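Trainee: Take a look at the following structure, please.
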2 protein chains.
Amino acid sequence: MTDLKKIFPNFDEELIKHLETVGQEVEFDEGEMMIRPGQYFKQSMLLLDGRVKVYREGENGDEFFLYYLEPGNACALSIICATKNETSEIKGLAVTPVKAFAIPLQHMDGLMREYRQWYYFVLETYRSRFEELLQVIDQIAFHSMDEKLEFYLKRQFDTIKSKTISITHQQIADDMNSSREVISRLLKKLENSKRISISRNEITLLSL
Amino acid sequence: MTDLKKIFPNFDEELIKHLETVGQEVEFDEGEMMIRPGQYFKQSMLLLDGRVKVYREGENGDEFFLYYLEPGNACALSIICATKNETSEIKGLAVTPVKAFAIPLQHMDGLMREYRQWYYFVLETYRSRFEELLQVIDQIAFHSMDEKLEFYLKRQFDTIKSKTISITHQQIADDMNSSREVISRLLKKLENSKRISISRNEITLLSL
DNA sequence: TTTCATCTGTGATTGCGGTCACGGAGTTTG
DNA sequence: CAAACTCCGTGACCGCAATCACAGATGAAA
């Protein structure tokens with residue numbers, strides 16, 4: 001018995017059964033690269049436990065943080081690309097130990113046709129990721145560095161669900177495709193205005 | 001008899017028939033706003049003729065060009081949002097007279113279940129728009145203004161399918177959320193390097 | 001053809017963010 | 001404890017892009 005039922009409580013018995021017969025649980029270590037640029041998807045992934053950081057990869061090894069995948073999410077790209085056997089220029093990094101449920105792509109068709117719930121789920125997955133990308137575009141198209149940083153921090157606090165995140169200034173700079181000094185200065189400004197407090201490897205939220 | 005068959009040649013007879021019984025052709029004038037921010041989608045749109053410019057709308061009326069919709073495309077958002085009755089912060093402008101085929105949202109379910117072609121089409125629509133958004137993110141996350149401008153111009157030439165586009169520097173600046181002077185200067189540089197030529201209201205491609 | 005609106009070119013200035021250079025603070029390792 | 005590493009703070013500098021201020025060009029309207 002897998003965790004599917006627990007993590008996807010609105011999937012009904014039948015769908016769960018079907019999933020369990022065609023797919024299987026897989027695990028990844030913390031720090032493992034689950035999705036790498038240029039790779040073909042051979043299966044769709046439903047996230048059961050842990051957290052996956054999804055990046056866009058630039059031409060010269062730059063990266064740009066897009067969003068987190070969390071339990072109950074599916075990797076939108078894995079669903080779509082799987083159905084078309086396409087590659088992607090996306091990077092998915094397990095930032096914690098991860099349990100996922102893998103569904104070989106040849107079963108997507110049947111699932112789509114037999115379970116309305118399933119394609120609702122797929123569409124909703126896509127829709128929400130699409131919205132998230134649009135918000136990312138908002139930030140980098142319309143906002144300045146300090147606003148982008150706030151947006152970034154909010155998303156971190158939100159998904160980690162904690163007042164304190166463990167991260168270095170350099171990592172933030174990498175995620176945002178900026179530089180450490182700039183981030184440091186802006187963080188300092190946020191600290192001065194009593195909105196966060198900073199210590200080595202850690203940022204804690206005061207008020208946003 | 002609609003143009004559906006012509007524009008979507010790989011939909012089979014049955015699906016076309018079904019579509020024609022549940023939906024209908026609609027038209028929009030050039031310059032008409034087909035999708036406005038905050039609006040609920042009541043139907044899905046398949047584009048039959050014309051061109052639609054899709055923007056992301058910023059908080060203070062800024063806009064940012066995302067992509068064109070062309071005949072054979074569907075508005076990805078209209079499909080997804082339609083199924084969930086969500087709003088969107090997206091703007092869709094008919095830049096030519098437009099013919100489209102509108103499908104009331106209550107028929108999406110049936111279509112999804114009965115026609116594998118249909119959900120393939122929906123997924124593929126979504127996937128390609130997703131990829132397009134990722135490319136847009138690439139540009140604004142990793143590239144400088146002159147590179148972004150080139151990318152923008154290429155997309156214009158590609159979709160208009162002509163060596164000459166009719167556009168003012170101000171419009172480009174608006175689409176890219178930049179300013180006219182900056183665009184003018186960069187265009188001049190491109191002209192000096194013999195890659196484009198400029199005349200009033202027009203840019204023609206020499207070599208990219 | 002004169003007038004007027006729109007579009008384009010170009011200098012001057014400013015500010016944000018990226019880069020360089022360095023020093024200091026905090027942790028880990030031998 | 002000392003050495004080595006990682007992380008953080010800060011000044012100096014620079015370049016790109018936004019803004020301001022005009023002037024000239026082009027085309028439509030009167």
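Quick note on naming: the chains in the structure tokens go A, B, ... in the order shown, residues restart at 1 in each chain, and ligands are numbered from 1 in order of appearance.
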For chain D, work out the contacting residues on chain B at 8 Å, counting only C-alpha atoms (C1' of nucleotides), and write them as a PDB file with C-alpha atoms, in the first residue's frame.

Mentor:
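Here's the written file part_30.pdb:
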```pdb
ATOM      1  CA  SER B 179      11.252  53.156 -23.208  1.00  0.00           C
ATOM      2  CA  VAL B 182      16.298  52.946 -25.572  1.00  0.00           C
ATOM      3  CA  ARG B 200       9.071  55.417 -40.430  1.00  0.00           C
TER       4      ARG B 200
END
```

Trainee: Apply DSSP to the structure's backbone, then extract all residues of segment 6-184 of chain B labelled strand (DSSP E or B) and return them as a PyMOL selection string.

Mentor: chain B and resi 24-28+33-35+40+43-49+52-57+63-69+74+87+90-94+98-104+164-166

Trainee: I need the residues from that last selection saved to file as a tab-separated table (two decimals), in the first residue's frame (with N, CA and C atoms), if you can.

Mentor:
```
chain	number	residue	atom	x	y	z
B	24	GLN	N	-19.94	27.64	-31.98
B	24	GLN	CA	-20.29	28.49	-33.12
B	24	GLN	C	-19.16	29.46	-33.44
B	25	GLU	N	-19.18	29.92	-34.68
B	25	GLU	CA	-18.17	30.90	-35.08
B	25	GLU	C	-18.49	32.26	-34.50
B	26	VAL	N	-17.44	32.95	-34.09
B	26	VAL	CA	-17.61	34.33	-33.62
B	26	VAL	C	-16.56	35.19	-34.30
B	27	GLU	N	-16.84	36.49	-34.40
B	27	GLU	CA	-15.88	37.38	-35.06
B	27	GLU	C	-15.53	38.56	-34.17
B	28	PHE	N	-14.34	39.06	-34.39
B	28	PHE	CA	-13.89	40.25	-33.68
B	28	PHE	C	-13.26	41.22	-34.66
B	33	MET	N	-10.61	44.06	-28.00
B	33	MET	CA	-10.03	43.33	-26.88
B	33	MET	C	-10.82	42.05	-26.68
B	34	MET	N	-10.21	40.92	-27.00
B	34	MET	CA	-10.94	39.64	-26.91
B	34	MET	C	-10.92	39.08	-25.51
B	35	ILE	N	-9.81	39.28	-24.84
B	35	ILE	CA	-9.68	38.79	-23.47
B	35	ILE	C	-9.25	39.98	-22.63
B	40	TYR	N	-14.09	36.46	-16.54
B	40	TYR	CA	-14.30	35.02	-16.51
B	40	TYR	C	-14.41	34.48	-17.94
B	43	GLN	N	-16.23	30.42	-22.35
B	43	GLN	CA	-16.07	29.48	-23.45
B	43	GLN	C	-14.61	29.38	-23.87
B	44	SER	N	-14.34	28.29	-24.52
B	44	SER	CA	-13.01	28.07	-25.08
B	44	SER	C	-13.00	28.60	-26.50
B	45	MET	N	-11.84	29.08	-26.93
B	45	MET	CA	-11.74	29.66	-28.26
B	45	MET	C	-10.73	28.90	-29.12
B	46	LEU	N	-11.17	28.53	-30.30
B	46	LEU	CA	-10.23	28.03	-31.30
B	46	LEU	C	-10.08	29.10	-32.35
B	47	LEU	N	-8.86	29.48	-32.66
B	47	LEU	CA	-8.66	30.57	-33.60
B	47	LEU	C	-8.71	30.05	-35.03
B	48	LEU	N	-9.59	30.66	-35.84
B	48	LEU	CA	-9.74	30.22	-37.22
B	48	LEU	C	-9.04	31.14	-38.19
B	49	ASP	N	-9.05	32.43	-37.89
B	49	ASP	CA	-8.45	33.38	-38.81
B	49	ASP	C	-8.05	34.64	-38.05
B	52	VAL	N	-3.99	37.19	-32.76
B	52	VAL	CA	-4.28	37.76	-31.45
B	52	VAL	C	-2.99	37.93	-30.68
B	53	LYS	N	-2.80	39.13	-30.15
B	53	LYS	CA	-1.61	39.43	-29.38
B	53	LYS	C	-1.96	39.26	-27.91
B	54	VAL	N	-1.19	38.45	-27.23
B	54	VAL	CA	-1.49	38.16	-25.84
B	54	VAL	C	-0.48	38.83	-24.92
B	55	TYR	N	-1.00	39.60	-23.98
B	55	TYR	CA	-0.18	40.37	-23.05
B	55	TYR	C	-0.40	39.94	-21.62
B	56	ARG	N	0.61	40.13	-20.85
B	56	ARG	CA	0.45	40.11	-19.40
B	56	ARG	C	0.29	41.55	-18.95
B	57	GLU	N	-0.65	41.77	-18.07
B	57	GLU	CA	-0.95	43.12	-17.62
B	57	GLU	C	-0.32	43.36	-16.25
B	63	GLU	N	2.18	46.81	-19.68
B	63	GLU	CA	1.89	45.53	-20.30
B	63	GLU	C	3.17	44.89	-20.81
B	64	PHE	N	3.09	43.61	-21.01
B	64	PHE	CA	4.27	42.88	-21.46
B	64	PHE	C	3.82	41.81	-22.44
B	65	PHE	N	4.35	41.88	-23.64
B	65	PHE	CA	3.95	40.96	-24.70
B	65	PHE	C	4.40	39.54	-24.41
B	66	LEU	N	3.48	38.60	-24.51
B	66	LEU	CA	3.83	37.21	-24.26
B	66	LEU	C	3.98	36.41	-25.54
B	67	TYR	N	2.89	36.35	-26.33
B	67	TYR	CA	2.95	35.58	-27.58
B	67	TYR	C	1.76	35.90	-28.47
B	68	TYR	N	1.84	35.45	-29.70
B	68	TYR	CA	0.72	35.56	-30.63
B	68	TYR	C	-0.08	34.27	-30.64
B	69	LEU	N	-1.37	34.40	-30.82
B	69	LEU	CA	-2.20	33.24	-31.17
B	69	LEU	C	-2.51	33.32	-32.64
B	74	ALA	N	-5.34	27.38	-29.95
B	74	ALA	CA	-6.42	27.69	-29.02
B	74	ALA	C	-5.85	28.56	-27.94
B	87	THR	N	-10.51	33.48	-13.17
B	87	THR	CA	-10.21	34.67	-13.95
B	87	THR	C	-8.74	34.63	-14.34
B	90	ILE	N	-4.73	38.41	-17.99
B	90	ILE	CA	-4.18	38.32	-19.33
B	90	ILE	C	-5.02	39.20	-20.24
B	91	LYS	N	-4.36	39.74	-21.24
B	91	LYS	CA	-5.04	40.60	-22.20
B	91	LYS	C	-4.87	40.00	-23.59
B	92	GLY	N	-5.94	39.87	-24.32
B	92	GLY	CA	-5.85	39.34	-25.69
B	92	GLY	C	-6.43	40.33	-26.67
B	93	LEU	N	-5.58	40.83	-27.55
B	93	LEU	CA	-5.98	41.89	-28.46
B	93	LEU	C	-5.99	41.36	-29.90
B	94	ALA	N	-7.10	41.54	-30.58
B	94	ALA	CA	-7.16	41.17	-32.00
B	94	ALA	C	-6.37	42.20	-32.79
B	98	VAL	N	-10.59	39.01	-36.67
B	98	VAL	CA	-10.40	37.64	-36.17
B	98	VAL	C	-11.69	36.83	-36.31
B	99	LYS	N	-11.54	35.61	-36.80
B	99	LYS	CA	-12.63	34.63	-36.71
B	99	LYS	C	-12.21	33.54	-35.75
B	100	ALA	N	-13.09	33.17	-34.86
B	100	ALA	CA	-12.77	32.12	-33.91
B	100	ALA	C	-13.97	31.21	-33.74
B	101	PHE	N	-13.70	30.05	-33.18
B	101	PHE	CA	-14.78	29.11	-32.91
B	101	PHE	C	-14.92	28.97	-31.40
B	102	ALA	N	-16.09	29.31	-30.90
B	102	ALA	CA	-16.30	29.35	-29.45
B	102	ALA	C	-17.03	28.10	-28.98
B	103	ILE	N	-16.51	27.48	-27.94
B	103	ILE	CA	-17.11	26.27	-27.39
B	103	ILE	C	-17.47	26.52	-25.93
B	104	PRO	N	-18.77	26.53	-25.63
B	104	PRO	CA	-19.17	26.79	-24.25
B	104	PRO	C	-18.52	25.78	-23.30
B	164	THR	N	9.03	42.53	-43.53
B	164	THR	CA	8.76	43.88	-43.03
B	164	THR	C	7.63	43.87	-42.02
B	165	ILE	N	7.86	44.50	-40.91
B	165	ILE	CA	6.78	44.66	-39.95
B	165	ILE	C	6.46	46.14	-39.78
B	166	SER	N	5.20	46.42	-39.57
B	166	SER	CA	4.75	47.79	-39.35
B	166	SER	C	4.56	48.03	-37.87
```

Trainee: Return the single residue from B:Asn192, B:Leu208, B:Arg180, B:Leu4 that is closest to chain C, with distances computed using only C-alpha atoms (C1' of nucleotides).

Mentor: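 The closest residue to chain C is B:Arg180.
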
Trainee: Quick one: pull the distance between atom CA of Arg113 of chain A and atom CA of Arg113 of chain B, Å, one decimal.

Mentor: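 Computing the Euclidean distance for atom CA of Arg113 of chain A and atom CA of Arg113 of chain B yields 5.4 Å.
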
Trainee: Going by DSSP on the backbone, which residues of segment 72-151 of chain A come out as alpha helix (DSSP H)? List them as a VMD selection string.

Mentor: chain A and resid 76 to 84 108 to 114 116 to 142 145 to 151

Trainee: Return the neighbours of chain C among the residues of chain A, cut-off 12 Å, counting only C-alpha atoms (C1' of nucleotides), as a PyMOL selection string.

Mentor: chain A and resi 144-146+173+177-183+185-186+199-201

Trainee: Write a file of the selected residues as a CSV table (one decimal), in the first residue's frame, keeping N, CA and C atoms.

Mentor:
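For reference, part02.csv as written:
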```
chain,number,residue,atom,x,y,z
A,144,SER,N,11.6,45.9,-9.7
A,144,SER,CA,13.0,46.1,-9.5
A,144,SER,C,13.5,45.1,-8.5
A,145,MET,N,14.8,45.1,-8.3
A,145,MET,CA,15.5,44.1,-7.6
A,145,MET,C,15.0,43.9,-6.2
A,146,ASP,N,14.7,45.0,-5.5
A,146,ASP,CA,14.3,44.8,-4.1
A,146,ASP,C,12.9,44.2,-4.0
A,173,ALA,N,21.2,34.7,-4.6
A,173,ALA,CA,21.7,35.4,-5.8
A,173,ALA,C,21.7,34.5,-7.0
A,177,ASN,N,19.5,34.8,-10.3
A,177,ASN,CA,20.4,35.3,-11.3
A,177,ASN,C,20.9,36.7,-11.1
A,178,SER,N,21.3,36.9,-9.9
A,178,SER,CA,21.9,38.2,-9.5
A,178,SER,C,23.3,38.0,-8.9
A,179,SER,N,23.8,38.9,-8.1
A,179,SER,CA,25.1,38.7,-7.5
A,179,SER,C,25.0,38.8,-6.0
A,180,ARG,N,25.9,38.2,-5.3
A,180,ARG,CA,25.8,38.1,-3.9
A,180,ARG,C,25.8,39.5,-3.2
A,181,GLU,N,26.7,40.4,-3.6
A,181,GLU,CA,26.8,41.7,-3.0
A,181,GLU,C,25.5,42.4,-3.1
A,182,VAL,N,24.8,42.4,-4.2
A,182,VAL,CA,23.5,43.0,-4.4
A,182,VAL,C,22.5,42.5,-3.4
A,183,ILE,N,22.4,41.2,-3.4
A,183,ILE,CA,21.5,40.6,-2.4
A,183,ILE,C,21.8,40.9,-1.0
A,185,ARG,N,23.3,43.6,0.2
A,185,ARG,CA,22.9,44.9,0.5
A,185,ARG,C,21.4,45.1,0.6
A,186,LEU,N,20.6,44.5,-0.3
A,186,LEU,CA,19.2,44.6,-0.2
A,186,LEU,C,18.6,43.9,1.1
A,199,SER,N,21.0,36.2,10.1
A,199,SER,CA,22.2,35.7,10.7
A,199,SER,C,22.8,34.7,9.7
A,200,ARG,N,24.0,34.2,10.1
A,200,ARG,CA,24.7,33.4,9.1
A,200,ARG,C,23.8,32.2,8.7
A,201,ASN,N,23.7,32.0,7.4
A,201,ASN,CA,22.9,30.9,6.8
A,201,ASN,C,21.4,30.9,7.1
```

Trainee: Between atom CA of Leu206 of chain B and atom CA of Glu150 of chain B, what distance in Å does the model show, to one decimal?

Mentor: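 Computed distance, atom CA of Leu206 of chain B to atom CA of Glu150 of chain B, equals 12.6 Å.
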
Trainee: Please return, as a PyMOL selection string, all residues of chain A lying within 7 Å of chain B when only C-alpha atoms are considered.

Mentor: chain A and resi 58+80+113+123+127+130+137-138+140-142

Trainee: Looking at A:Arg36, A:His18, A:Lys6, A:Arg51, which one is nearest to Thr159 of chain A, with distances taken over only C-alpha atoms?

Mentor: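 Counting only C-alpha atoms, the residue closest to Thr159 of chain A is A:Arg51.
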